[in-house]
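Asker: Got a structure for you, written out below as structure tokens; questions coming shortly.
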Amino acid sequence: MSVSKRAVHMLPRRISGLITQHRTEGVRRNVSTEHVELPRRRQRSERKPLVTAVNELKRRARSERQSRQVVSEVTLRPPENGLLVKRLVPVAHEVYNARQVLFGCASRVLDIVPVHVCRVCGEVHVGTVPHLIRTCDVAGSLASKEHSWARGGIEHVLPLVESFHLYDRLGRAVSHEERLLVDRIPAVVELCIQAGVDVPEYPTKRRIFPVYNVAGKMIDFERKFPRDYSNGKDIQTHGFWEKKNSQRCSVSQPFPYADSVQGIATQGMEAWEKLRSGVSKLMTEYIAQTCGFCPEVQVGIKGHRARICQAYKHQMRDGQHAWQEATLDDLMPPMYVWHVPDPHSGKPLMNELSRYYGKLPAVVELFSQAGANIDEAYHGMMRGDVTVPELDEEKLVV
């Protein structure tokens with residue numbers, strides 16, 4: 001027996017509240033079993049969605065403009081004042097170590113589970129037999145929209161997003177003339193360095209005195225009274241053109257990998273989850289910037305000034321990037337691929353049955369085919385509760 005909305009308002013408050021709570025719990029149960037829809041592919045002229053609303057950005061700009069008119073000190077907290085957030089230093093070390101473990105496990109599993117990439121559109125497929133789903137719809141593709149497959153590597157499973165390494169994260173931005181002089185390192189590594197990880201190859205400035213903000217101007221006392229070991233002597237802020245030593249110093253010890261492929265895949269899956277959760281924690285305090293139209297990322301409070309953007313209407317910006325606040329997927333692109341329900345069957349995924357297949361991040365699909373257990377958060381994405389029919393049975397599906 002169902003109760004209408006008007007009848008609920010006529011009941012006493014306690015009974016109507018119980019009915020509303022029951023309906024809310026039912027909606028939550030239904031939502032948890034629904035399939036997760038992946039974000040659609042953006043158009044070339046479409047900008048990335050903003051993390052913060054435009055009205056909130058305007059309000060912050062107005063308040064900052066008003067505060068600059070008053071000559072008073074603005075209290076800054078770490079990491080805005082140049083100091084480290086002490087509670088996130090262990091998290092930064094865990095993220096740095098988890099990244100090394102993830103790449104080590106992925107490179108070993110790739111020797112067993114092959115990866116294919118399309119030569120035309122760049123779509124990735126994980127599995128022994130490439131799929132037959134006709135989704136190659138770019139300039140230069142075949143009329144049948146079939147893919148032209150080639151053997152892929154770890155860069156297709158874990159795309160590398162680079163950022164300029166900043167010796168002083170509160171200093172000036174990298175200019176266009178310095179774009180070839182400053183090192184470009186993985187954005188996750190740069191985030192860990194700014195959060196407290198010391199890598200000898202990429203020195204960074206560690207402050208013991210905070211930076212003060214007076215009338216919108218940053219006052220740094222360590223520039224006027226530098227420490228003995230941070231006065232710039234014998235410190236190279238860039239080394240892009242120099243050959244690195246073969247024996248590199250590492251902040252972590254060699255990780256003992258498992259003996260079996262399934263054990264290595266399980267370790268890699270744990271490292272993937274630890275890496276994403278750790279990076280999301282670091283990004284709550286340490287800001288990263290991304291271009292609204294291209295994949296460029298810069299870890300820091302401001303974006304660089306290199307005029308290297310070739311995305312939509314870059315001529316109007318003189319090649320400058322349209323910087324906005326970055327998200328977790330900007331630093332770690334998931335690279336969604338088709339999920340293979342039975343990788344040992346040897347049958348390819350068919351184009352006529354594409355609506356029954358789910359998708360997973362490429363690295364998760366790689367470890368799942370190697371025997372690792374998939375977290376429940378991916379079940380709605382991979383459509384594990386959907387039975388894939390045969391080709392002769394598909395026309396009978398209602």
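Chain lettering (A, B, ...) mirrors the order of the structure tokens, residue numbering begins at 1 for each chain separately, and ligand numbering begins at 1 in order of display.
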Identify, with DSSP run on backbone atoms, the residues in region 78-254 of chain A assigned to strand (DSSP E), and express the list as a list in words.

Answerer: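 The strand (DSSP E) residues within region 78-254 of chain A come out as Val115, His116, Val117, Cys118, Val124, His125, Val126, Trp149, Ala150, Arg151, Glu162, Ser163, Phe164, Arg184, Ile185, Pro186, Tyr212, Asn213, Val214, Lys217, Met218 and Ile219 of chain A.
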
Asker: Residues at most 9 Å from region 283-293 of chain A, counting only C-alpha atoms, excluding those fewer than 5 positions away in the same chain, as a PDB file with C-alpha atoms, in the first residue's frame?

Answerer:
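Output saved as out-v7.pdb:
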ATOM      1  CA  ARG A  44      37.520  19.953 -28.510  1.00  0.00           C
ATOM      2  CA  SER A  45      35.967  23.351 -27.819  1.00  0.00           C
ATOM      3  CA  GLU A  46      34.584  22.366 -24.405  1.00  0.00           C
ATOM      4  CA  ARG A  47      36.344  23.387 -21.222  1.00  0.00           C
ATOM      5  CA  LYS A  48      36.925  21.131 -18.250  1.00  0.00           C
ATOM      6  CA  PRO A  49      34.382  21.525 -15.443  1.00  0.00           C
ATOM      7  CA  LEU A  50      35.503  23.884 -12.697  1.00  0.00           C
ATOM      8  CA  PRO A  78      50.945  25.980   6.034  1.00  0.00           C
ATOM      9  CA  PRO A  79      51.523  25.397   3.190  1.00  0.00           C
ATOM     10  CA  GLU A  80      50.565  28.921   2.092  1.00  0.00           C
ATOM     11  CA  VAL A  85      52.041  20.452   6.713  1.00  0.00           C
ATOM     12  CA  LEU A  88      50.954  15.132   5.490  1.00  0.00           C
ATOM     13  CA  ALA A 187      53.362  15.572 -11.404  1.00  0.00           C
ATOM     14  CA  LEU A 191      53.520  16.910  -5.435  1.00  0.00           C
ATOM     15  CA  GLN A 194      56.489  19.890  -2.268  1.00  0.00           C
ATOM     16  CA  ALA A 195      54.768  17.931   0.522  1.00  0.00           C
ATOM     17  CA  GLY A 278      47.173   9.555  -0.758  1.00  0.00           C
ATOM     18  CA  GLN A 298      51.548  22.486 -12.964  1.00  0.00           C
ATOM     19  CA  VAL A 299      51.863  21.620  -9.280  1.00  0.00           C
ATOM     20  CA  GLY A 300      51.909  24.810  -7.246  1.00  0.00           C
ATOM     21  CA  ILE A 301      49.872  27.871  -6.365  1.00  0.00           C
ATOM     22  CA  LYS A 302      50.109  29.282  -9.903  1.00  0.00           C
ATOM     23  CA  GLY A 303      50.566  27.980 -13.425  1.00  0.00           C
ATOM     24  CA  CYS A 309      49.201  25.408 -25.414  1.00  0.00           C
ATOM     25  CA  GLN A 310      47.855  24.226 -28.759  1.00  0.00           C
ATOM     26  CA  ALA A 311      44.266  23.566 -27.700  1.00  0.00           C
ATOM     27  CA  TYR A 312      41.052  25.370 -28.579  1.00  0.00           C
ATOM     28  CA  HIS A 321      47.225  28.006 -20.809  1.00  0.00           C
ATOM     29  CA  ALA A 322      43.779  28.621 -19.334  1.00  0.00           C
ATOM     30  CA  TRP A 323      44.694  27.665 -15.785  1.00  0.00           C
ATOM     31  CA  GLN A 324      42.176  26.340 -13.294  1.00  0.00           C
ATOM     32  CA  GLU A 325      42.237  24.134 -10.204  1.00  0.00           C
ATOM     33  CA  ALA A 326      43.249  20.541 -10.954  1.00  0.00           C
ATOM     34  CA  THR A 327      41.540  17.369  -9.791  1.00  0.00           C
ATOM     35  CA  LEU A 328      42.786  13.882  -9.003  1.00  0.00           C
ATOM     36  CA  ASP A 330      44.193  15.435 -13.986  1.00  0.00           C
ATOM     37  CA  LEU A 331      47.285  14.190 -12.148  1.00  0.00           C
TER      38      LEU A 331
END

Asker: Let's see if you can do this: from backbone DSSP, list all helix (DSSP H, G or I) residues in region 55-133 of chain A, as a short mmCIF file (atom, residue, chain, number, x, y, z; two decimals) with N, CA and C atoms, in the first residue's frame.

Answerer:
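Contents of result-v8.cif, freshly written:
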data_model
loop_
_atom_site.label_atom_id
_atom_site.label_comp_id
_atom_site.auth_asym_id
_atom_site.auth_seq_id
_atom_site.Cartn_x
_atom_site.Cartn_y
_atom_site.Cartn_z
N ASN A 55 30.93 31.84 -9.23
CA ASN A 55 30.52 32.87 -8.26
C ASN A 55 31.41 32.86 -7.04
N GLU A 56 31.84 31.69 -6.62
CA GLU A 56 32.76 31.61 -5.47
C GLU A 56 34.12 32.18 -5.83
N LEU A 57 34.59 31.93 -7.04
CA LEU A 57 35.87 32.50 -7.47
C LEU A 57 35.79 34.03 -7.53
N LYS A 58 34.68 34.56 -8.00
CA LYS A 58 34.51 36.01 -8.03
C LYS A 58 34.46 36.59 -6.62
N ARG A 59 33.81 35.90 -5.71
CA ARG A 59 33.73 36.39 -4.33
C ARG A 59 35.12 36.42 -3.70
N ARG A 60 35.94 35.36 -3.94
CA ARG A 60 37.29 35.35 -3.39
C ARG A 60 38.14 36.47 -3.99
N ALA A 61 37.97 36.73 -5.28
CA ALA A 61 38.75 37.79 -5.92
C ALA A 61 38.38 39.16 -5.35
N ARG A 62 37.08 39.38 -5.09
CA ARG A 62 36.67 40.65 -4.50
C ARG A 62 37.23 40.83 -3.10
N SER A 63 37.19 39.78 -2.31
CA SER A 63 37.71 39.87 -0.94
C SER A 63 39.23 40.09 -0.93
N GLU A 64 39.95 39.43 -1.85
CA GLU A 64 41.40 39.65 -1.93
C GLU A 64 41.71 41.07 -2.39
N ARG A 65 40.92 41.60 -3.32
CA ARG A 65 41.16 42.97 -3.79
C ARG A 65 40.88 43.98 -2.68
N GLN A 66 39.90 43.74 -1.85
CA GLN A 66 39.62 44.64 -0.74
C GLN A 66 40.68 44.53 0.35
N SER A 67 41.20 43.32 0.58
CA SER A 67 42.23 43.15 1.61
C SER A 67 43.54 43.80 1.22
N ARG A 68 43.82 43.89 -0.09
CA ARG A 68 45.06 44.53 -0.52
C ARG A 68 45.03 46.04 -0.32
N GLN A 69 43.85 46.60 -0.24
CA GLN A 69 43.75 48.04 -0.02
C GLN A 69 44.02 48.44 1.42
N LYS A 86 52.86 19.17 8.60
CA LYS A 86 53.56 18.05 9.22
C LYS A 86 52.76 16.75 9.17
N ARG A 87 51.45 16.85 9.28
CA ARG A 87 50.65 15.62 9.28
C ARG A 87 50.61 14.96 7.91
N LEU A 88 50.98 15.69 6.84
CA LEU A 88 50.95 15.13 5.49
C LEU A 88 52.33 14.68 5.01
N VAL A 89 53.36 14.88 5.80
CA VAL A 89 54.70 14.42 5.40
C VAL A 89 54.75 12.90 5.31
N PRO A 90 54.23 12.14 6.30
CA PRO A 90 54.20 10.67 6.12
C PRO A 90 53.35 10.24 4.94
N VAL A 91 52.27 10.95 4.66
CA VAL A 91 51.43 10.61 3.52
C VAL A 91 52.20 10.80 2.22
N ALA A 92 53.01 11.84 2.13
CA ALA A 92 53.79 12.08 0.92
C ALA A 92 54.81 10.96 0.70
N HIS A 93 55.43 10.46 1.76
CA HIS A 93 56.37 9.34 1.62
C HIS A 93 55.64 8.06 1.20
N GLU A 94 54.44 7.84 1.74
CA GLU A 94 53.67 6.66 1.34
C GLU A 94 53.27 6.74 -0.14
N VAL A 95 52.90 7.92 -0.59
CA VAL A 95 52.53 8.08 -2.00
C VAL A 95 53.73 7.85 -2.89
N TYR A 96 54.88 8.38 -2.51
CA TYR A 96 56.10 8.22 -3.32
C TYR A 96 56.48 6.74 -3.41
N ASN A 97 56.42 6.03 -2.30
CA ASN A 97 56.76 4.60 -2.31
C ASN A 97 55.71 3.78 -3.06
N ALA A 98 54.43 4.14 -2.89
CA ALA A 98 53.37 3.40 -3.58
C ALA A 98 53.49 3.58 -5.09
N ARG A 99 53.92 4.72 -5.55
CA ARG A 99 54.10 4.93 -6.98
C ARG A 99 55.20 4.02 -7.54
N GLN A 100 56.28 3.88 -6.81
CA GLN A 100 57.36 3.00 -7.25
C GLN A 100 56.90 1.54 -7.28
N VAL A 101 56.14 1.14 -6.26
CA VAL A 101 55.63 -0.24 -6.23
C VAL A 101 54.65 -0.46 -7.37
N LEU A 102 53.80 0.51 -7.66
CA LEU A 102 52.80 0.38 -8.72
C LEU A 102 53.47 0.20 -10.08
N PHE A 103 54.45 1.01 -10.39
CA PHE A 103 55.12 0.89 -11.68
C PHE A 103 55.92 -0.41 -11.77
N GLY A 104 56.50 -0.84 -10.66
CA GLY A 104 57.22 -2.11 -10.68
C GLY A 104 56.30 -3.30 -10.90
N CYS A 105 55.15 -3.31 -10.23
CA CYS A 105 54.20 -4.41 -10.42
C CYS A 105 53.59 -4.38 -11.82
N ALA A 106 53.27 -3.19 -12.32
CA ALA A 106 52.67 -3.11 -13.65
C ALA A 106 53.64 -3.57 -14.72
N SER A 107 54.91 -3.22 -14.60
CA SER A 107 55.89 -3.65 -15.60
C SER A 107 56.08 -5.16 -15.59
N ARG A 108 55.94 -5.79 -14.44
CA ARG A 108 56.08 -7.25 -14.37
C ARG A 108 54.84 -7.96 -14.90
N VAL A 109 53.67 -7.42 -14.61
CA VAL A 109 52.44 -8.05 -15.10
C VAL A 109 52.31 -7.89 -16.61
#

Asker: Using only C-alpha atoms, which of the listed residues (A:Asp137, A:Glu390, A:Glu190, A:Glu73) sits closest to Leu282 (chain A)?

Answerer: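 When distances to Leu282 (chain A) are compared using only C-alpha atoms, the smallest one comes from A:Glu190.
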
Asker: Extract, using only C-alpha atoms, all DNA, RNA and protein residues at most 8 Å from Ile154 (chain A), discarding same-chain residues fewer than 2 positions from it, and format them as a list in words.

Answerer: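 My list of contacting residues is Ala106, Ser107, Leu110, Gly152, His156, Val157, Leu158 and Pro159 of chain A.
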
Asker: Give me, please, the distance in Å between CA of Glu162 (chain A) and CA of Ile112 (chain A), quoted to one decimal.

Answerer: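 Computing it gives 28.0 Å between the two atoms.
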
Asker: I'd like the interatomic distance between CA of Thr75 (chain A) and CA of Phe221 (chain A), to a tenth of an Å.

Answerer: 15.5 Å

Asker: For Arg305 (chain A), list every protein, DNA or RNA residue within 8 Å, evaluated using only C-alpha atoms, and leave out those in the same chain fewer than 4 positions away; present the list as an mmCIF file with C-alpha atoms, in the first residue's frame.

Answerer:
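Result file out_17.cif:
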data_model
loop_
_atom_site.group_PDB
_atom_site.id
_atom_site.type_symbol
_atom_site.label_atom_id
_atom_site.label_comp_id
_atom_site.auth_asym_id
_atom_site.auth_seq_id
_atom_site.Cartn_x
_atom_site.Cartn_y
_atom_site.Cartn_z
ATOM 1 C CA ALA A 173 56.342 31.129 -12.209
ATOM 2 C CA VAL A 174 58.426 29.496 -14.938
ATOM 3 C CA SER A 175 58.662 31.845 -17.916
ATOM 4 C CA HIS A 176 58.519 30.944 -21.582
ATOM 5 C CA GLN A 320 49.112 30.670 -22.734
ATOM 6 C CA HIS A 321 47.225 28.006 -20.809
#

Asker: Show me, as a PDB file with N, CA, C and O atoms, in the first residue's frame, the residues that have an atom within 10 Å of Glu270 (chain A) when counting only C-alpha atoms, minus same-chain residues fewer than 4 positions from it.

Answerer:
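The resulting file, result_29.pdb, is shown below:
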ATOM      1  N   ALA A  98      54.429   4.141  -2.888  1.00  0.00           N
ATOM      2  CA  ALA A  98      53.371   3.404  -3.583  1.00  0.00           C
ATOM      3  C   ALA A  98      53.485   3.578  -5.090  1.00  0.00           C
ATOM      4  O   ALA A  98      53.194   2.638  -5.847  1.00  0.00           O
ATOM      5  N   VAL A 101      56.139   1.140  -6.263  1.00  0.00           N
ATOM      6  CA  VAL A 101      55.632  -0.235  -6.231  1.00  0.00           C
ATOM      7  C   VAL A 101      54.653  -0.460  -7.373  1.00  0.00           C
ATOM      8  O   VAL A 101      54.663  -1.513  -8.031  1.00  0.00           O
ATOM      9  N   LEU A 102      53.795   0.515  -7.659  1.00  0.00           N
ATOM     10  CA  LEU A 102      52.803   0.378  -8.717  1.00  0.00           C
ATOM     11  C   LEU A 102      53.467   0.195 -10.077  1.00  0.00           C
ATOM     12  O   LEU A 102      53.087  -0.697 -10.849  1.00  0.00           O
ATOM     13  N   ILE A 264      51.798 -10.484  -7.292  1.00  0.00           N
ATOM     14  CA  ILE A 264      52.291  -9.196  -7.778  1.00  0.00           C
ATOM     15  C   ILE A 264      51.115  -8.301  -8.167  1.00  0.00           C
ATOM     16  O   ILE A 264      51.117  -7.092  -7.897  1.00  0.00           O
ATOM     17  N   ALA A 265      50.093  -8.883  -8.807  1.00  0.00           N
ATOM     18  CA  ALA A 265      48.913  -8.098  -9.187  1.00  0.00           C
ATOM     19  C   ALA A 265      48.175  -7.587  -7.954  1.00  0.00           C
ATOM     20  O   ALA A 265      47.679  -6.449  -7.946  1.00  0.00           O
ATOM     21  N   THR A 266      48.105  -8.393  -6.901  1.00  0.00           N
ATOM     22  CA  THR A 266      47.456  -7.943  -5.666  1.00  0.00           C
ATOM     23  C   THR A 266      48.228  -6.799  -5.027  1.00  0.00           C
ATOM     24  O   THR A 266      47.628  -5.814  -4.555  1.00  0.00           O
ATOM     25  N   LYS A 274      46.234   2.877  -2.666  1.00  0.00           N
ATOM     26  CA  LYS A 274      46.957   3.724  -1.718  1.00  0.00           C
ATOM     27  C   LYS A 274      47.448   5.003  -2.395  1.00  0.00           C
ATOM     28  O   LYS A 274      47.452   6.082  -1.785  1.00  0.00           O
ATOM     29  N   LEU A 275      47.851   4.889  -3.662  1.00  0.00           N
ATOM     30  CA  LEU A 275      48.342   6.064  -4.385  1.00  0.00           C
ATOM     31  C   LEU A 275      47.228   7.077  -4.605  1.00  0.00           C
ATOM     32  O   LEU A 275      47.407   8.284  -4.370  1.00  0.00           O
ATOM     33  N   ALA A 372      44.084 -10.475  -9.536  1.00  0.00           N
ATOM     34  CA  ALA A 372      43.831  -9.670  -8.347  1.00  0.00           C
ATOM     35  C   ALA A 372      42.331  -9.460  -8.155  1.00  0.00           C
ATOM     36  O   ALA A 372      41.565  -9.415  -9.122  1.00  0.00           O
ATOM     37  N   ASN A 373      41.932  -9.346  -6.909  1.00  0.00           N
ATOM     38  CA  ASN A 373      40.531  -9.077  -6.589  1.00  0.00           C
ATOM     39  C   ASN A 373      40.225  -7.597  -6.778  1.00  0.00           C
ATOM     40  O   ASN A 373      41.019  -6.737  -6.400  1.00  0.00           O
ATOM     41  N   ASP A 375      38.043  -4.192  -6.103  1.00  0.00           N
ATOM     42  CA  ASP A 375      37.285  -3.572  -5.024  1.00  0.00           C
ATOM     43  C   ASP A 375      35.822  -3.402  -5.433  1.00  0.00           C
ATOM     44  O   ASP A 375      35.492  -3.286  -6.621  1.00  0.00           O
TER      45      ASP A 375
END

Asker: Identify which of the residues A:Arg207, A:His314, A:Arg355, A:Lys347 lies closest to Asn81 (chain A), counting only C-alpha atoms when measuring atom-to-atom distances.

Answerer: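 Checking each of A:Arg207, A:His314, A:Arg355, A:Lys347 against Asn81 (chain A), counting only C-alpha atoms, the winner is A:Arg207.
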
Asker: So that I can check the surroundings of Arg119 (chain A), please list as a ChimeraX atom specification every protein, DNA and RNA residue that reaches within 10 Å of it, counting only C-alpha atoms and ignoring chain neighbours fewer than 2 positions away.

Answerer: /A:116-117,121-124,141,147-152

Asker: Fewer than 5 positions away in the same chain doesn't count, so skip those; otherwise give me all residues within 9 Å of Glu222 (chain A), counting only C-alpha atoms, as an NGL selection string.

Answerer: :A and (207-211 or 227)

Asker: Using only N, CA, C and O atoms, please write the residues we just selected to a file, as a PDB file, in the first residue's frame.

Answerer:
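In the end it all went to selection.pdb:
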ATOM      1  N   ARG A 207      61.802  25.942   4.131  1.00  0.00           N
ATOM      2  CA  ARG A 207      61.834  27.113   4.999  1.00  0.00           C
ATOM      3  C   ARG A 207      61.659  26.712   6.457  1.00  0.00           C
ATOM      4  O   ARG A 207      60.969  25.754   6.776  1.00  0.00           O
ATOM      5  N   ILE A 208      62.312  27.512   7.317  1.00  0.00           N
ATOM      6  CA  ILE A 208      62.079  27.392   8.756  1.00  0.00           C
ATOM      7  C   ILE A 208      61.373  28.639   9.288  1.00  0.00           C
ATOM      8  O   ILE A 208      60.832  28.621  10.398  1.00  0.00           O
ATOM      9  N   PHE A 209      61.388  29.731   8.492  1.00  0.00           N
ATOM     10  CA  PHE A 209      60.654  30.940   8.842  1.00  0.00           C
ATOM     11  C   PHE A 209      59.489  31.102   7.872  1.00  0.00           C
ATOM     12  O   PHE A 209      59.664  30.951   6.660  1.00  0.00           O
ATOM     13  N   PRO A 210      58.312  31.420   8.371  1.00  0.00           N
ATOM     14  CA  PRO A 210      57.160  31.536   7.472  1.00  0.00           C
ATOM     15  C   PRO A 210      57.220  32.804   6.629  1.00  0.00           C
ATOM     16  O   PRO A 210      57.941  33.759   6.925  1.00  0.00           O
ATOM     17  N   VAL A 211      56.431  32.800   5.577  1.00  0.00           N
ATOM     18  CA  VAL A 211      56.274  33.951   4.701  1.00  0.00           C
ATOM     19  C   VAL A 211      55.056  34.739   5.165  1.00  0.00           C
ATOM     20  O   VAL A 211      54.028  34.158   5.535  1.00  0.00           O
ATOM     21  N   ARG A 227      69.912  31.009   4.946  1.00  0.00           N
ATOM     22  CA  ARG A 227      70.676  30.056   5.739  1.00  0.00           C
ATOM     23  C   ARG A 227      71.945  29.662   4.997  1.00  0.00           C
ATOM     24  O   ARG A 227      72.089  29.890   3.804  1.00  0.00           O
TER      25      ARG A 227
END
